[in-house]
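What follows is the content of coords01.pdb (PDB, C-alpha atoms).
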```
ATOM      1  CA  MET K   1       0.000   0.000   0.000
ATOM      2  CA  ALA K   2       1.185   3.521  -0.674
ATOM      3  CA  SER K   3       1.918   5.426   2.508
ATOM      4  CA  ARG K   4      -0.072   8.483   3.471
ATOM      5  CA  LEU K   5       1.499  11.758   4.564
ATOM      6  CA  SER K   6      -0.276  13.799   7.208
ATOM      7  CA  LEU K   7       0.132  17.482   6.423
ATOM      8  CA  ILE K   8      -0.276  20.220   8.991
ATOM      9  CA  SER K   9      -2.816  22.970   8.394
ATOM     10  CA  ILE K  10      -1.047  26.317   8.042
ATOM     11  CA  PRO K  11      -3.655  28.818   6.791
ATOM     12  CA  ASN K  12      -2.423  31.870   4.876
ATOM     13  CA  LEU K  13       1.227  30.853   5.045
ATOM     14  CA  PRO K  14       3.470  29.483   2.313
ATOM     15  CA  THR K  15       3.617  25.714   2.289
ATOM     16  CA  PRO K  16       7.022  24.460   3.508
ATOM     17  CA  ALA K  17       9.064  22.321   1.168
ATOM     18  CA  ARG K  18       8.748  18.571   1.578
ATOM     19  CA  THR K  19      10.798  15.614   0.535
ATOM     20  CA  PHE K  20       8.782  12.795  -0.991
ATOM     21  CA  SER K  21       9.932   9.219  -1.096
ATOM     22  CA  LYS K  22      10.674   7.498  -4.400
ATOM     23  CA  HIS K  23       7.544   5.369  -4.350
ATOM     24  CA  PRO K  24       4.001   6.652  -4.774
ATOM     25  CA  GLN K  25       2.345   8.084  -1.730
ATOM     26  CA  GLN K  26      -1.276   8.973  -1.166
ATOM     27  CA  ILE K  27      -1.353  12.629  -0.261
ATOM     28  CA  PRO K  28      -4.345  13.899   1.726
ATOM     29  CA  LEU K  29      -5.255  17.379   0.541
ATOM     30  CA  PHE K  30      -4.327  20.134   2.945
ATOM     31  CA  SER K  31      -6.734  21.195   5.649
ATOM     32  CA  LEU K  32      -7.823  24.650   4.544
ATOM     33  CA  PRO K  33     -10.084  27.298   6.058
ATOM     34  CA  PRO K  34     -13.775  26.368   5.733
ATOM     35  CA  HIS K  35     -15.283  26.660   2.252
ATOM     36  CA  SER K  36     -18.732  27.959   1.564
ATOM     37  CA  PHE K  37     -21.116  25.624  -0.232
ATOM     38  CA  HIS K  38     -23.996  26.455  -2.504
ATOM     39  CA  VAL K  39     -26.408  23.820  -3.729
ATOM     40  CA  ASN K  40     -28.184  24.476  -6.998
ATOM     41  CA  PRO K  41     -31.348  22.341  -6.938
ATOM     42  CA  SER K  42     -31.678  22.435 -10.717
ATOM     43  CA  PHE K  43     -28.841  19.985 -11.224
ATOM     44  CA  ASN K  44     -27.861  18.840  -7.752
ATOM     45  CA  SER K  45     -24.272  20.044  -7.909
ATOM     46  CA  ARG K  46     -22.092  21.675  -5.321
ATOM     47  CA  THR K  47     -19.921  24.716  -5.857
ATOM     48  CA  ILE K  48     -16.904  25.023  -3.584
ATOM     49  CA  SER K  49     -15.465  28.479  -3.069
ATOM     50  CA  SER K  50     -11.733  28.714  -3.581
ATOM     51  CA  CYS K  51      -9.447  29.023  -0.592
ATOM     52  CA  ASN K  52      -8.249  32.428  -1.777
ATOM     53  CA  GLY K  53     -11.698  33.805  -2.447
ATOM     54  CA  GLY K  54     -11.077  33.685  -6.187
ATOM     55  CA  SER K  55     -13.076  31.955  -8.834
ATOM     56  CA  SER K  56     -11.651  29.187 -11.070
ATOM     57  CA  PRO K  57     -12.410  29.251 -14.835
ATOM     58  CA  ALA K  58     -12.435  25.458 -15.050
ATOM     59  CA  LEU K  59     -15.023  24.816 -12.351
ATOM     60  CA  HIS K  60     -16.977  27.757 -13.653
ATOM     61  CA  ALA K  61     -16.922  26.098 -17.077
ATOM     62  CA  VAL K  62     -18.123  22.737 -15.920
ATOM     63  CA  GLN K  63     -20.949  24.288 -13.933
ATOM     64  CA  GLU K  64     -22.146  26.377 -16.864
ATOM     65  CA  GLU K  65     -22.104  23.372 -19.181
ATOM     66  CA  VAL K  66     -24.090  21.252 -16.722
ATOM     67  CA  THR K  67     -26.981  23.699 -16.724
ATOM     68  CA  THR K  68     -27.505  23.065 -20.436
ATOM     69  CA  SER K  69     -27.825  19.303 -20.074
ATOM     70  CA  SER K  70     -30.446  16.972 -18.692
ATOM     71  CA  ASP K  71     -30.148  14.051 -16.331
ATOM     72  CA  CYS K  72     -29.129  10.816 -18.051
ATOM     73  CA  THR K  73     -28.883   7.168 -17.214
ATOM     74  CA  SER K  74     -26.160   4.633 -17.871
ATOM     75  CA  ASP K  75     -25.942   2.896 -21.205
ATOM     76  CA  SER K  76     -25.119  -0.404 -19.529
ATOM     77  CA  LYS K  77     -26.993  -2.264 -16.834
ATOM     78  CA  THR K  78     -23.657  -3.199 -15.321
ATOM     79  CA  ALA K  79     -22.141   0.274 -15.418
ATOM     80  CA  PRO K  80     -21.220   1.382 -11.882
ATOM     81  CA  SER K  81     -23.216   4.088 -10.166
ATOM     82  CA  SER K  82     -21.539   7.317  -9.118
ATOM     83  CA  SER K  83     -21.057   5.887  -5.636
ATOM     84  CA  SER K  84     -19.245   2.750  -6.803
ATOM     85  CA  LYS K  85     -17.234   4.190  -9.700
ATOM     86  CA  VAL K  86     -13.632   5.190  -8.992
ATOM     87  CA  VAL K  87     -11.942   7.056 -11.847
ATOM     88  CA  LEU K  88      -8.166   7.408 -11.939
ATOM     89  CA  VAL K  89      -7.173  10.540 -13.866
ATOM     90  CA  ILE K  90      -3.644  10.792 -15.238
ATOM     91  CA  GLY K  91      -2.657  14.350 -16.116
ATOM     92  CA  GLY K  92      -5.351  15.739 -13.834
ATOM     93  CA  THR K  93      -3.883  19.238 -13.514
ATOM     94  CA  GLY K  94      -3.432  19.860 -17.250
ATOM     95  CA  GLY K  95      -5.721  21.830 -19.517
ATOM     96  CA  VAL K  96      -8.146  18.954 -20.197
ATOM     97  CA  GLY K  97      -7.394  16.915 -17.080
ATOM     98  CA  GLN K  98      -8.432  19.558 -14.571
ATOM     99  CA  LEU K  99     -11.779  19.907 -16.345
ATOM    100  CA  VAL K 100     -12.226  16.129 -16.197
ATOM    101  CA  VAL K 101     -11.549  16.142 -12.449
ATOM    102  CA  ALA K 102     -13.803  19.141 -11.818
ATOM    103  CA  SER K 103     -16.626  17.444 -13.719
ATOM    104  CA  LEU K 104     -16.180  14.176 -11.820
ATOM    105  CA  LEU K 105     -16.342  16.034  -8.511
ATOM    106  CA  ASN K 106     -19.409  17.937  -9.689
ATOM    107  CA  ARG K 107     -21.069  14.599 -10.474
ATOM    108  CA  ASN K 108     -20.088  13.143  -7.081
ATOM    109  CA  ILE K 109     -17.946  10.503  -8.790
ATOM    110  CA  LYS K 110     -14.927   9.380  -6.795
ATOM    111  CA  ALA K 111     -11.696  10.562  -8.393
ATOM    112  CA  ARG K 112      -8.101   9.510  -7.874
ATOM    113  CA  LEU K 113      -5.154  11.503  -9.211
ATOM    114  CA  LEU K 114      -1.549  10.574  -9.978
ATOM    115  CA  LEU K 115       0.453  13.800  -9.932
ATOM    116  CA  ARG K 116       4.101  14.772 -10.056
ATOM    117  CA  ASP K 117       3.231  17.659  -7.730
ATOM    118  CA  PRO K 118       0.334  16.663  -5.435
ATOM    119  CA  GLU K 119       0.075  20.152  -3.946
ATOM    120  CA  LYS K 120      -1.395  21.401  -7.250
ATOM    121  CA  ALA K 121      -4.536  19.424  -6.427
ATOM    122  CA  THR K 122      -5.181  21.643  -3.412
ATOM    123  CA  THR K 123      -4.780  24.803  -5.447
ATOM    124  CA  LEU K 124      -7.156  23.614  -8.173
ATOM    125  CA  PHE K 125      -9.740  21.564  -6.330
ATOM    126  CA  GLY K 126      -9.641  22.830  -2.762
ATOM    127  CA  GLU K 127     -10.214  20.712   0.311
ATOM    128  CA  GLN K 128     -11.961  17.442  -0.553
ATOM    129  CA  ASP K 129     -12.942  14.470   1.560
ATOM    130  CA  ASP K 130     -10.620  11.514   1.118
ATOM    131  CA  GLU K 131     -13.610   9.444  -0.007
ATOM    132  CA  LYS K 132     -14.216  11.852  -2.885
ATOM    133  CA  LEU K 133     -10.711  12.725  -4.075
ATOM    134  CA  GLN K 134      -7.461  10.852  -3.453
ATOM    135  CA  VAL K 135      -4.087  12.096  -4.616
ATOM    136  CA  PHE K 136      -0.980   9.974  -5.204
ATOM    137  CA  LYS K 137       2.491  11.257  -5.989
ATOM    138  CA  GLY K 138       3.964   9.655  -9.086
ATOM    139  CA  ASP K 139       5.101  10.096 -12.675
ATOM    140  CA  THR K 140       4.143   7.776 -15.533
ATOM    141  CA  ARG K 141       7.545   8.407 -17.119
ATOM    142  CA  ASN K 142       9.091   6.495 -14.237
ATOM    143  CA  ALA K 143       7.893   2.881 -14.167
ATOM    144  CA  ASP K 144       8.974   2.480 -10.529
ATOM    145  CA  ASP K 145       6.428   5.154  -9.500
ATOM    146  CA  LEU K 146       3.486   3.035 -10.652
ATOM    147  CA  ASP K 147       2.905   1.118  -7.447
ATOM    148  CA  PRO K 148       0.011  -1.399  -7.569
ATOM    149  CA  SER K 149      -1.666   0.342  -4.624
ATOM    150  CA  ILE K 150      -2.482   3.276  -6.901
ATOM    151  CA  PHE K 151      -4.858   1.084  -8.907
ATOM    152  CA  GLU K 152      -6.586  -0.740  -6.035
ATOM    153  CA  GLY K 153     -10.343  -0.246  -6.331
ATOM    154  CA  VAL K 154     -10.101   1.767  -9.558
ATOM    155  CA  THR K 155     -12.880   0.984 -12.054
ATOM    156  CA  HIS K 156     -12.008   3.412 -14.870
ATOM    157  CA  VAL K 157      -8.987   5.382 -16.085
ATOM    158  CA  ILE K 158      -8.783   8.612 -18.076
ATOM    159  CA  CYS K 159      -5.303   9.479 -19.350
ATOM    160  CA  CYS K 160      -4.892  13.019 -20.645
ATOM    161  CA  THR K 161      -1.163  13.583 -20.256
ATOM    162  CA  GLY K 162       0.692  15.589 -22.862
ATOM    163  CA  THR K 163       3.307  18.207 -23.594
ATOM    164  CA  THR K 164       3.992  20.741 -26.332
ATOM    165  CA  ALA K 165       4.701  19.658 -29.915
ATOM    166  CA  PHE K 166       7.718  21.943 -30.186
ATOM    167  CA  PRO K 167      10.533  22.631 -27.699
ATOM    168  CA  SER K 168       9.304  24.921 -24.949
ATOM    169  CA  LYS K 169       9.660  25.543 -21.244
ATOM    170  CA  ARG K 170       7.351  22.586 -20.681
ATOM    171  CA  TRP K 171      10.064  20.287 -22.025
ATOM    172  CA  GLU K 172      12.230  21.033 -18.987
ATOM    173  CA  GLY K 173      12.926  17.950 -16.895
ATOM    174  CA  ASP K 174      12.812  15.581 -19.879
ATOM    175  CA  ASN K 175       9.138  16.323 -20.478
ATOM    176  CA  THR K 176       9.335  15.599 -24.216
ATOM    177  CA  PRO K 177       6.721  13.929 -26.447
ATOM    178  CA  GLU K 178       8.723  10.710 -26.500
ATOM    179  CA  ARG K 179       8.877  10.534 -22.712
ATOM    180  CA  VAL K 180       5.273  11.638 -22.072
ATOM    181  CA  ASP K 181       3.198  10.400 -25.017
ATOM    182  CA  TRP K 182       5.054   7.167 -25.633
ATOM    183  CA  GLU K 183       7.081   5.988 -22.648
ATOM    184  CA  GLY K 184       4.643   7.342 -20.075
ATOM    185  CA  VAL K 185       1.603   5.779 -21.763
ATOM    186  CA  ARG K 186       3.473   2.508 -22.294
ATOM    187  CA  ASN K 187       4.481   2.357 -18.616
ATOM    188  CA  LEU K 188       0.919   3.079 -17.526
ATOM    189  CA  VAL K 189      -0.773   0.567 -19.834
ATOM    190  CA  SER K 190       1.661  -2.175 -18.825
ATOM    191  CA  VAL K 191       0.575  -2.046 -15.174
ATOM    192  CA  LEU K 192      -3.166  -1.385 -15.495
ATOM    193  CA  PRO K 193      -5.293  -4.222 -14.073
ATOM    194  CA  SER K 194      -7.396  -6.248 -16.497
ATOM    195  CA  SER K 195     -10.436  -5.709 -14.253
ATOM    196  CA  LEU K 196     -10.835  -2.099 -15.436
ATOM    197  CA  GLN K 197     -14.161  -1.378 -17.084
ATOM    198  CA  ARG K 198     -12.738   1.264 -19.431
ATOM    199  CA  VAL K 199      -9.522   3.151 -20.200
ATOM    200  CA  VAL K 200      -9.955   6.443 -22.065
ATOM    201  CA  LEU K 201      -6.858   7.908 -23.719
ATOM    202  CA  VAL K 202      -6.698  11.463 -25.074
ATOM    203  CA  SER K 203      -4.582  11.531 -28.238
ATOM    204  CA  SER K 204      -4.765  13.921 -31.234
ATOM    205  CA  VAL K 205      -6.107  14.237 -34.737
ATOM    206  CA  GLY K 206      -3.506  13.685 -37.445
ATOM    207  CA  VAL K 207      -1.641  10.833 -35.738
ATOM    208  CA  THR K 208      -2.082   8.498 -38.722
ATOM    209  CA  LYS K 209      -0.807  11.157 -41.154
ATOM    210  CA  PHE K 210       2.322  12.406 -39.406
ATOM    211  CA  ASN K 211       4.411  11.950 -42.578
ATOM    212  CA  GLU K 212       2.019  14.045 -44.688
ATOM    213  CA  LEU K 213       1.758  17.820 -44.968
ATOM    214  CA  PRO K 214       0.683  19.779 -43.000
ATOM    215  CA  TRP K 215       0.862  17.185 -40.219
ATOM    216  CA  SER K 216       4.563  16.528 -40.802
ATOM    217  CA  ILE K 217       5.266  20.092 -39.638
ATOM    218  CA  MET K 218       3.453  19.443 -36.375
ATOM    219  CA  ASN K 219       5.395  16.195 -36.100
ATOM    220  CA  LEU K 220       8.879  17.707 -36.533
ATOM    221  CA  PHE K 221       9.766  16.593 -32.994
ATOM    222  CA  GLY K 222       7.696  13.406 -33.085
ATOM    223  CA  VAL K 223       4.599  14.348 -31.095
ATOM    224  CA  LEU K 224       2.096  12.765 -33.502
ATOM    225  CA  LYS K 225       4.242   9.678 -34.036
ATOM    226  CA  TYR K 226       4.600   9.105 -30.298
ATOM    227  CA  LYS K 227       0.897   9.677 -29.655
ATOM    228  CA  LYS K 228       0.102   7.050 -32.291
ATOM    229  CA  MET K 229       2.537   4.646 -30.588
ATOM    230  CA  GLY K 230       0.743   5.309 -27.313
ATOM    231  CA  GLU K 231      -2.595   4.572 -28.976
ATOM    232  CA  ASP K 232      -1.280   1.304 -30.396
ATOM    233  CA  ILE K 233       0.073   0.035 -27.081
ATOM    234  CA  LEU K 234      -3.367   0.566 -25.528
ATOM    235  CA  ARG K 235      -5.189  -0.835 -28.558
ATOM    236  CA  ASN K 236      -3.165  -4.072 -28.344
ATOM    237  CA  SER K 237      -3.252  -4.384 -24.556
ATOM    238  CA  GLY K 238      -6.449  -6.414 -24.225
ATOM    239  CA  LEU K 239      -7.940  -3.695 -22.000
ATOM    240  CA  SER K 240     -11.359  -2.197 -22.639
ATOM    241  CA  PHE K 241     -10.531   1.185 -24.174
ATOM    242  CA  THR K 242     -11.750   4.283 -25.978
ATOM    243  CA  ILE K 243      -9.405   6.727 -27.704
ATOM    244  CA  ILE K 244     -10.422  10.376 -28.082
ATOM    245  CA  ARG K 245      -8.567  12.423 -30.720
ATOM    246  CA  PRO K 246      -9.289  16.145 -30.248
ATOM    247  CA  GLY K 247      -8.669  18.815 -32.838
ATOM    248  CA  ARG K 248      -6.748  21.971 -31.951
ATOM    249  CA  LEU K 249      -7.623  22.761 -28.343
ATOM    250  CA  THR K 250      -9.390  26.015 -27.444
ATOM    251  CA  ASP K 251     -10.825  27.509 -24.211
ATOM    252  CA  GLY K 252      -8.287  27.508 -21.438
ATOM    253  CA  PRO K 253      -6.127  25.965 -20.223
ATOM    254  CA  TYR K 254      -7.325  26.987 -16.785
ATOM    255  CA  THR K 255      -4.188  25.839 -15.001
ATOM    256  CA  SER K 256      -3.838  28.843 -12.698
ATOM    257  CA  TYR K 257      -7.304  28.718 -11.189
ATOM    258  CA  ASP K 258      -9.351  26.840  -8.632
ATOM    259  CA  LEU K 259     -12.350  24.501  -8.706
ATOM    260  CA  ASN K 260     -14.963  27.251  -8.575
ATOM    261  CA  THR K 261     -13.739  28.856 -11.769
ATOM    262  CA  LEU K 262     -13.270  25.514 -13.471
ATOM    263  CA  LEU K 263     -16.906  24.660 -12.846
ATOM    264  CA  LYS K 264     -18.042  27.969 -14.304
ATOM    265  CA  ALA K 265     -15.949  27.935 -17.473
ATOM    266  CA  THR K 266     -17.884  27.726 -20.688
ATOM    267  CA  ALA K 267     -17.287  26.709 -24.276
ATOM    268  CA  GLY K 268     -18.771  30.013 -25.364
ATOM    269  CA  GLN K 269     -20.675  29.554 -28.606
ATOM    270  CA  ARG K 270     -18.712  26.426 -29.541
ATOM    271  CA  ARG K 271     -21.041  23.916 -27.896
ATOM    272  CA  ALA K 272     -22.088  21.829 -30.897
ATOM    273  CA  VAL K 273     -20.025  18.633 -31.171
ATOM    274  CA  LEU K 274     -18.705  16.940 -34.312
ATOM    275  CA  ILE K 275     -17.483  13.356 -33.977
ATOM    276  CA  GLY K 276     -15.765  11.388 -36.716
ATOM    277  CA  GLN K 277     -13.627   8.330 -37.333
ATOM    278  CA  GLY K 278     -10.756   7.443 -39.644
ATOM    279  CA  ASP K 279      -8.667  10.521 -38.766
ATOM    280  CA  LYS K 280     -10.563  12.641 -41.304
ATOM    281  CA  LEU K 281     -11.905  15.367 -39.022
ATOM    282  CA  VAL K 282      -9.963  18.645 -39.008
ATOM    283  CA  GLY K 283     -10.713  21.677 -36.872
ATOM    284  CA  GLU K 284     -10.841  22.982 -33.326
ATOM    285  CA  VAL K 285     -12.438  21.763 -30.137
ATOM    286  CA  SER K 286     -13.137  23.260 -26.740
ATOM    287  CA  ARG K 287     -11.247  21.603 -23.891
ATOM    288  CA  LEU K 288     -14.606  21.405 -22.115
ATOM    289  CA  VAL K 289     -15.999  19.274 -24.922
ATOM    290  CA  VAL K 290     -12.967  16.965 -24.815
ATOM    291  CA  ALA K 291     -13.312  16.513 -21.051
ATOM    292  CA  GLU K 292     -17.017  15.725 -21.401
ATOM    293  CA  ALA K 293     -16.348  13.264 -24.245
ATOM    294  CA  CYS K 294     -13.899  11.393 -22.011
ATOM    295  CA  ILE K 295     -16.386  11.109 -19.157
ATOM    296  CA  GLN K 296     -19.236  10.067 -21.448
ATOM    297  CA  ALA K 297     -17.064   7.385 -23.084
ATOM    298  CA  LEU K 298     -16.586   5.667 -19.722
ATOM    299  CA  ASP K 299     -20.091   4.171 -19.808
ATOM    300  CA  ILE K 300     -21.391   4.314 -23.379
ATOM    301  CA  GLU K 301     -21.015   0.779 -24.674
ATOM    302  CA  CYS K 302     -20.732   1.628 -28.383
ATOM    303  CA  THR K 303     -17.475   3.498 -27.708
ATOM    304  CA  GLU K 304     -15.670   0.411 -26.411
ATOM    305  CA  GLY K 305     -12.657  -0.539 -28.524
ATOM    306  CA  LYS K 306     -13.194   2.491 -30.771
ATOM    307  CA  THR K 307     -11.300   5.641 -31.729
ATOM    308  CA  PHE K 308     -13.061   8.963 -32.320
ATOM    309  CA  GLU K 309     -12.020  12.401 -33.525
ATOM    310  CA  VAL K 310     -13.813  15.254 -31.753
ATOM    311  CA  ASN K 311     -14.333  18.895 -32.802
ATOM    312  CA  SER K 312     -16.725  21.593 -31.639
ATOM    313  CA  VAL K 313     -18.407  24.379 -33.589
ATOM    314  CA  GLU K 314     -20.883  27.158 -32.918
ATOM    315  CA  GLY K 315     -24.327  25.973 -31.921
ATOM    316  CA  GLU K 316     -26.128  24.155 -29.155
ATOM    317  CA  GLY K 317     -24.381  21.028 -27.954
ATOM    318  CA  PRO K 318     -25.169  17.881 -25.975
ATOM    319  CA  GLY K 319     -23.946  19.286 -22.673
ATOM    320  CA  SER K 320     -23.767  16.319 -20.302
ATOM    321  CA  ASP K 321     -26.810  14.530 -21.731
ATOM    322  CA  GLN K 322     -25.664  10.941 -22.148
ATOM    323  CA  GLN K 323     -28.337  10.025 -24.697
ATOM    324  CA  LYS K 324     -27.261  12.850 -26.979
ATOM    325  CA  TRP K 325     -23.625  11.784 -26.693
ATOM    326  CA  ARG K 326     -24.609   8.180 -27.397
ATOM    327  CA  GLU K 327     -26.348   9.301 -30.585
ATOM    328  CA  LEU K 328     -23.291  11.300 -31.662
ATOM    329  CA  PHE K 329     -20.925   8.367 -31.128
ATOM    330  CA  LYS K 330     -23.279   5.985 -32.938
ATOM    331  CA  ALA K 331     -23.716   8.381 -35.861
ATOM    332  CA  ALA K 332     -19.934   8.626 -36.275
ATOM    333  CA  GLN K 333     -19.717   4.846 -36.636
ATOM    334  CA  ALA K 334     -22.523   4.800 -39.198
ATOM    335  CA  GLN K 335     -20.782   7.236 -41.555
TER     336      GLN K 335
END
```

Can you give me the file's structure in the form of structure tokens?
Amino acid sequence: MASRLSLISIPNLPTPARTFSKHPQQIPLFSLPPHSFHVNPSFNSRTISSCNGGSSPALHAVQEEVTTSSDCTSDSKTAPSSSSKVVLVIGGTGGVGQLVVASLLNRNIKARLLLRDPEKATTLFGEQDDEKLQVFKGDTRNADDLDPSIFEGVTHVICCTGTTAFPSKRWEGDNTPERVDWEGVRNLVSVLPSSLQRVVLVSSVGVTKFNELPWSIMNLFGVLKYKKMGEDILRNSGLSFTIIRPGRLTDGPYTSYDLNTLLKATAGQRRAVLIGQGDKLVGEVSRLVVAEACIQALDIECTEGKTFEVNSVEGEGPGSDQQKWRELFKAAQAQ
């Protein structure tokens, strides 16, 4: 079992530096000053005020999107309820990942995070009960970090790790496409338990055409090639999977904000969703739409073992209505 660190509550003071052990550790989120809660009866969600009194674009986004959707039921009789589902999110503080986590929390679905820097979870998602959000320290690039205890009780996995296509500050610390999109995904897939009900991987459009213009320009440093290699390792793993290939990402990232703002972020006018297959779809997509597609794919049976490209355009979208998402996924397969 991964060990748990007890952290002392020090309100309004900088957090002292800590030394973490080599192996993954479950990190309870810091004890912060009391948050205010507001229950909106129209969709039974809870908004948590940020510890600094600010408002987080990502929580803001999720909350706004929820108001446009209706309640939905599971596509499968065996799909776990919110109370029994445990979703492990890899890359949970990135542009798409934080929206995935915020949406899971808003739905009262238990979330588990594997983070290089666990303290980011407190900044983004505030104080959460250990039964609702668990945080482990670890890095998929390092196989030794992937302790089996991280996966105990997990029913679903959403992997939305990534880095920039071209050399940038984000490449510091060997955070290159090869290390993140290939080696990290390979390490993760190799240790995932076969009992998982679904693994959702966020990839990219253009991965099958990385030697063709204009995609070859994007692939100058191998990002599309390595994402395709990551897809293939999952596709051949024997695990139940869905691969989501977004177009160029818009809206956000909201990486400097807290849960409140995340829940209130919106996709603006780009709510309508386009889903395709065969790596033919080209365009842009809101990060909010990508996050919602990942969560919907967890339980919609027709997405199992399939790969989808996702874009968003101006117009009314499916929000979080599962039936509408099911119809979109099915229509893509019928094309």

>> Applying the PyMOL selection byres ((chain K and resi 196-199) around 6) to the file I just gave you, which residues come out? Please list them as a VMD selection string.
In response: chain K and resid 155 to 158 194 to 195 200 240 to 241 298

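Comparing the minimum interatomic distances between K:Lys330 and each of K:Thr303, K:Gln128, K:Asn219, K:Thr242, counting all atoms listed in the file, we find that K:Thr303 sits nearest.
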
> Got a sec: who's within 10 Å of K:Glu152, counting all atoms listed in the file, leaving out chain neighbours fewer than 2 positions off, as a VMD selection string?
Replying inline: chain K and resid 1 86 147 to 150 154 to 155 193

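The space separating atom CA of K:Lys306 from atom CA of K:Ile243 comes to 6.5 Å.
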
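Atom CA of K:Gly126 is found 21.2 Å from atom CA of K:Arg287.
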
>> For the PyMOL selection byres ((chain K and resi 289) around 8), applied here, can you spell out every residue it catches as JSON, numbers by chain?
In response: {"K": [267, 271, 273, 285, 286, 287, 288, 290, 291, 292, 293, 312]}

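Minimum distance to K:Gly230 across K:Lys120, K:Arg179, K:Lys280, K:Arg107 (counting only C-alpha atoms) occurs at K:Arg179.
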
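The gap separating atom CA of K:Arg186 from atom CA of K:Asp251 is 28.9 Å, in Å to one decimal.
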
>> Please expand the PyMOL selection byres ((chain K and resi 112) around 8) into the concrete residues it hits in this file, giving the result as a PyMOL selection string.
In response: chain K and resi 86-89+110-111+113-114+133-136

Give, as AutoDock Vina command-line options, the centre coordinates and the x, y and z edge lengths in Å to one decimal for an axis-aligned box around all listed atoms of stretch 291-301 of chain K, padded by 4 Å on each side.
```
--center_x -17.4 --center_y 8.6 --center_z -21.9 --size_x 16.1 --size_y 23.7 --size_z 13.5
```

> With all atoms listed in the file as the atoms that count, which of K:Asp299, K:Asp174, K:Asp144, K:Asp129 lies nearest to K:Ser190?
Replying inline: K:Asp144

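Considering all atoms listed in the file, the residue among K:Val191, K:Leu104, K:Met218, K:Val205 positioned nearest to K:Glu284 is K:Val205.
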
Determine, counting all atoms listed in the file, which protein, DNA and RNA residues have an atom within 7 Å of an atom of stretch 275-279 of chain K; residues of the same chain fewer than 4 positions away are not included. Present the result as a compact mmCIF listing (two decimals) with C-alpha atoms, in the coordinates of the input.
```
# COMPACT_ATOMS: atom_id res chain seq x y z
CA VAL K 205 -6.11 14.24 -34.74
CA GLY K 206 -3.51 13.68 -37.44
CA THR K 208 -2.08 8.50 -38.72
CA THR K 307 -11.30 5.64 -31.73
CA PHE K 308 -13.06 8.96 -32.32
CA GLU K 309 -12.02 12.40 -33.52
CA VAL K 310 -13.81 15.25 -31.75
CA ASN K 311 -14.33 18.90 -32.80
CA LEU K 328 -23.29 11.30 -31.66
CA PHE K 329 -20.92 8.37 -31.13
CA ALA K 332 -19.93 8.63 -36.28
```

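Proximity ranking of K:Ile233, K:Val101, K:Val207, K:Val282 relative to K:Leu124 places K:Val101 first, based on only C-alpha atoms.
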
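Of the residues listed (K:Gln335, K:Asn142, K:Thr250, K:Thr93), K:Asn142 shows the shortest atom-to-atom separation from K:Glu183; distances use all atoms listed in the file.
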
>> Give me, as a list in words, all polymer residues having an atom no more than 8 Å from K:Ser204, counting only C-alpha atoms and skipping those fewer than 6 positions away in the same chain.
In response: Leu224, Lys227, Ile244, Arg245, Pro246, Gly247 and Glu309 of chain K

Write stretch 111-118 of chain K as an mmCIF file, in the frame of the given file, completed to N, CA, C and O atoms.
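Output file out_18.cif follows:
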```cif
data_model
loop_
_atom_site.group_PDB
_atom_site.id
_atom_site.type_symbol
_atom_site.label_atom_id
_atom_site.label_comp_id
_atom_site.auth_asym_id
_atom_site.auth_seq_id
_atom_site.Cartn_x
_atom_site.Cartn_y
_atom_site.Cartn_z
ATOM 1 N N ALA K 111 -12.840 10.359 -7.506
ATOM 2 C CA ALA K 111 -11.696 10.562 -8.393
ATOM 3 C C ALA K 111 -10.400 10.262 -7.658
ATOM 4 O O ALA K 111 -10.291 10.460 -6.443
ATOM 5 N N ARG K 112 -9.439 9.768 -8.406
ATOM 6 C CA ARG K 112 -8.101 9.510 -7.874
ATOM 7 C C ARG K 112 -7.109 10.115 -8.865
ATOM 8 O O ARG K 112 -7.251 9.945 -10.072
ATOM 9 N N LEU K 113 -6.120 10.834 -8.349
ATOM 10 C CA LEU K 113 -5.154 11.503 -9.211
ATOM 11 C C LEU K 113 -3.751 10.964 -8.979
ATOM 12 O O LEU K 113 -3.373 10.643 -7.852
ATOM 13 N N LEU K 114 -2.979 10.860 -10.056
ATOM 14 C CA LEU K 114 -1.549 10.574 -9.978
ATOM 15 C C LEU K 114 -0.840 11.814 -10.489
ATOM 16 O O LEU K 114 -0.942 12.154 -11.668
ATOM 17 N N LEU K 115 -0.140 12.520 -9.591
ATOM 18 C CA LEU K 115 0.453 13.800 -9.932
ATOM 19 C C LEU K 115 1.933 13.848 -9.573
ATOM 20 O O LEU K 115 2.346 13.309 -8.546
ATOM 21 N N ARG K 116 2.700 14.531 -10.399
ATOM 22 C CA ARG K 116 4.101 14.772 -10.056
ATOM 23 C C ARG K 116 4.182 15.719 -8.867
ATOM 24 O O ARG K 116 5.068 15.593 -8.028
ATOM 25 N N ASP K 117 3.275 16.687 -8.821
ATOM 26 C CA ASP K 117 3.231 17.659 -7.730
ATOM 27 C C ASP K 117 1.839 17.629 -7.092
ATOM 28 O O ASP K 117 0.933 18.336 -7.528
ATOM 29 N N PRO K 118 1.655 16.808 -6.052
ATOM 30 C CA PRO K 118 0.334 16.663 -5.435
ATOM 31 C C PRO K 118 -0.253 17.955 -4.885
ATOM 32 O O PRO K 118 -1.471 18.089 -4.787
#
```
